[in-house]
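Peer 1: Pasting in a structure now, in structure tokens, and then I'll have a few things to ask.
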Amino acid sequence: MGNGSLKGGMHVQLESPTYKEGEEVSGVIYMRLDEYSPSGTIYIKFKGSEKTRWQETRTTTVSDGKTTRTQTYQVHYSGSKKIVKFKFPAYTFNGEIQTGGFTLPFSFVLPGNLPGSFYYDKGSTHAKIHYKIKATFENIEKKKIKNHAEIRIIQEPKFTDDMGSRLQTTAKLRTCCCINKGSINLKADFAKGSYTPDETAFARVQADNSNSKLSVSRFEMNLVQTLRLRSDCGHSKVIRDNVLNARTNDGIPSGGAMLAEESKELQLYLPMAKPQIDFRYTTMGRFVECVYFLEVKADMEGICMCCGDTPSIESPLSIHATKPPPPPLPQAPEDWNPQEIPAVAIQYDPSYDYAPSAPEYEGA
């Protein structure tokens, strides 16, 4: 249990560490007093923020009148935004409080439109969307006991269809010197538009290469992660990574086709990409956006990318966390026999919003 300036401890136990925006959060506050205390109040706080930080290398030309040289320097960018922050007086003790244990069940409904939890830390680039629930007992002498629990928010997909989709494209093919080599029609059926990191993503590919003079050497599917970060001044940085790839061993000849029963299924076993996906789930914040795509494409023999189309299809994909089991309770003291405080159901009110006394950068 976390300790404050009073002798004792406090623990926040959530029914689940992961919730979707708009869901009801349930939990129990456990408090132990090892010394007498004057009257005071247990407060429940819910805090969420998003933060970004990165640096970029710039070059400039400097001259002393006789010679010129190129000089590099670093430009630092950062962004920060409060998403939600409220403080609710859950229970007030009137009069002197005896030593012992107390339990306070609580619940509240999360606001809608919360961006999903996120964490990225690579080199000089850092991005975070973070939420926590804090419990604080503060008496009239301003002495405190406090503790907090991390809470992960899953953002509901806004742009994907969990029932799957069928997309197609026609690409004009060019080789060296932009010589016309006809066209290929590519069609992909995506099984669904929302996955967890424990699943396998599927797509079935058809191709009509009958109007092409080029062969398809192979088909492939990529899981593409696109991260967009913004700073307070409006500058942005985009990071695009292919985090997983699957390929066929063969293709189709020029003038041929791979339709209906001859279509090929491509699979991506998402657990293989867990190091790149964990804590980097789909989210749409103001300063942090992370989106995924499934890209299906045909690799053509002899295609010139400078003037020909790329025969590829991108389908937006939502990746969200699975709900893990609740964390175990800490071991209770031998004489643990708590007094049960009536459960409190918190109804959000703007009057409970508050601003901290000083800015914080958690994880800096």
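Ordered as shown in the structure tokens, chains take letters A, B, and onward, while each chain numbers its residues from 1 and ligands are numbered from 1 in the order shown.
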Please, which residues of range 249-330 of chain A, numbered as in this document, come out alpha helix (DSSP H) from DSSP, as JSON, numbers by chain?
Peer 2: {"A": [274, 275, 276, 277]}
Peer 1: What would the file look like if the residues just selected were written as a JSON list (two decimals), in the first residue's frame with C-alpha atoms?
Peer 2:
```
[["chain", "number", "residue", "atom", "x", "y", "z"],
["A", 274, "LYS", "CA", 3.55, -7.69, -30.24],
["A", 275, "PRO", "CA", 6.75, -5.73, -29.45],
["A", 276, "GLN", "CA", 5.68, -3.11, -32.03],
["A", 277, "ILE", "CA", 1.96, -3.19, -31.12]]
```
Peer 1: If you count only C-alpha atoms, which residues fall within 8 Å of Glu340 in chain A, apart from same-chain ones fewer than 4 positions away, as a VMD selection string?
Peer 2: chain A and resid 102 to 104
Peer 1: Write the residues of the selection above to a file with N, CA, C and O atoms, as a JSON list (two decimals), in the first residue's frame.
Peer 2:
```
[["chain", "number", "residue", "atom", "x", "y", "z"],
["A", 102, "PHE", "N", -10.65, 0.44, 6.36],
["A", 102, "PHE", "CA", -11.89, 0.93, 5.75],
["A", 102, "PHE", "C", -11.90, 0.49, 4.28],
["A", 102, "PHE", "O", -10.86, 0.44, 3.62],
["A", 103, "THR", "N", -13.11, 0.16, 3.80],
["A", 103, "THR", "CA", -13.26, -0.14, 2.36],
["A", 103, "THR", "C", -14.36, 0.74, 1.80],
["A", 103, "THR", "O", -15.40, 0.97, 2.44],
["A", 104, "LEU", "N", -14.14, 1.26, 0.59],
["A", 104, "LEU", "CA", -15.10, 2.14, -0.05],
["A", 104, "LEU", "C", -15.29, 1.70, -1.50],
["A", 104, "LEU", "O", -14.45, 2.00, -2.37]]
```
Peer 1: Please identify every residue of range 192-288 of chain A that has at least one atom no farther than 9 Å from an atom of range 127-139 of chain A, counting only C-alpha atoms, and for each give the shortest atom pair and the distance in Å to one decimal, arranged by chain then increasing number, as JSON lines.
Peer 2:
```
{"residue": "A:Leu229", "atom": "CA", "partner": "A:Ala127", "partner_atom": "CA", "distance": 7.5}
{"residue": "A:Thr283", "atom": "CA", "partner": "A:Ile129", "partner_atom": "CA", "distance": 9.0}
{"residue": "A:Gly285", "atom": "CA", "partner": "A:Ile129", "partner_atom": "CA", "distance": 8.1}
{"residue": "A:Phe287", "atom": "CA", "partner": "A:Ala127", "partner_atom": "CA", "distance": 8.6}
{"residue": "A:Val288", "atom": "CA", "partner": "A:Ala127", "partner_atom": "CA", "distance": 6.9}
```
Peer 1: Write the residues you've just listed into a file as a short mmCIF file (atom, residue, chain, number, x, y, z; two decimals), in the first residue's frame, and include N, CA, C and O atoms for each of them.
Peer 2:
```
data_model
loop_
_atom_site.label_atom_id
_atom_site.label_comp_id
_atom_site.auth_asym_id
_atom_site.auth_seq_id
_atom_site.Cartn_x
_atom_site.Cartn_y
_atom_site.Cartn_z
N LEU A 229 2.54 12.68 -34.64
CA LEU A 229 2.70 13.44 -33.40
C LEU A 229 2.60 14.93 -33.71
O LEU A 229 3.07 15.38 -34.77
N THR A 283 -5.39 4.89 -31.70
CA THR A 283 -5.86 6.01 -30.89
C THR A 283 -5.90 7.26 -31.76
O THR A 283 -5.13 7.40 -32.71
N GLY A 285 -5.93 10.98 -30.68
CA GLY A 285 -5.88 12.12 -29.79
C GLY A 285 -5.59 13.40 -30.55
O GLY A 285 -5.46 13.41 -31.78
N PHE A 287 -2.80 15.32 -29.93
CA PHE A 287 -1.36 15.38 -30.15
C PHE A 287 -0.77 14.03 -30.56
O PHE A 287 0.35 13.98 -31.05
N VAL A 288 -1.52 12.96 -30.34
CA VAL A 288 -1.03 11.62 -30.67
C VAL A 288 -2.10 10.90 -31.48
O VAL A 288 -3.24 10.76 -31.01
#
```
Peer 1: Which value, in Å to one decimal, gives the distance between CA of Ser165 in chain A and CA of Val224 in chain A?
Peer 2: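 Separation between CA of Ser165 in chain A and CA of Val224 in chain A: 17.4 Å.
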Peer 1: Considering only C-alpha atoms, return as an mmCIF file with C-alpha atoms, in the first residue's frame whatever protein or nucleic-acid residues lie within 6 Å of range 23-27 of chain A, sequence-local ones (same chain, fewer than 2 positions apart) excluded.
Peer 2:
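Printed below is result.cif as written:
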```
data_model
loop_
_atom_site.group_PDB
_atom_site.id
_atom_site.type_symbol
_atom_site.label_atom_id
_atom_site.label_comp_id
_atom_site.auth_asym_id
_atom_site.auth_seq_id
_atom_site.Cartn_x
_atom_site.Cartn_y
_atom_site.Cartn_z
ATOM 1 C CA GLN A 13 -8.331 -1.993 -6.669
ATOM 2 C CA LEU A 14 -10.114 -1.834 -10.032
ATOM 3 C CA GLU A 15 -12.500 -4.539 -11.214
ATOM 4 C CA LYS A 20 -13.684 1.210 -23.205
ATOM 5 C CA GLU A 21 -14.629 4.866 -23.439
ATOM 6 C CA PRO A 105 -16.659 0.631 -3.233
ATOM 7 C CA PHE A 106 -17.025 3.177 -6.029
ATOM 8 C CA SER A 107 -18.136 3.448 -9.630
ATOM 9 C CA PHE A 108 -18.360 6.080 -12.337
ATOM 10 C CA VAL A 109 -19.032 6.224 -16.061
ATOM 11 C CA LEU A 110 -16.125 7.228 -18.273
#
```
Peer 1: Which parts of range 179-225 of chain A does DSSP call strand (DSSP E or B) when run on the backbone here, written out as number ranges by chain?
Peer 2: A: 179-190, 194-195, 200-208, 212, 216-225
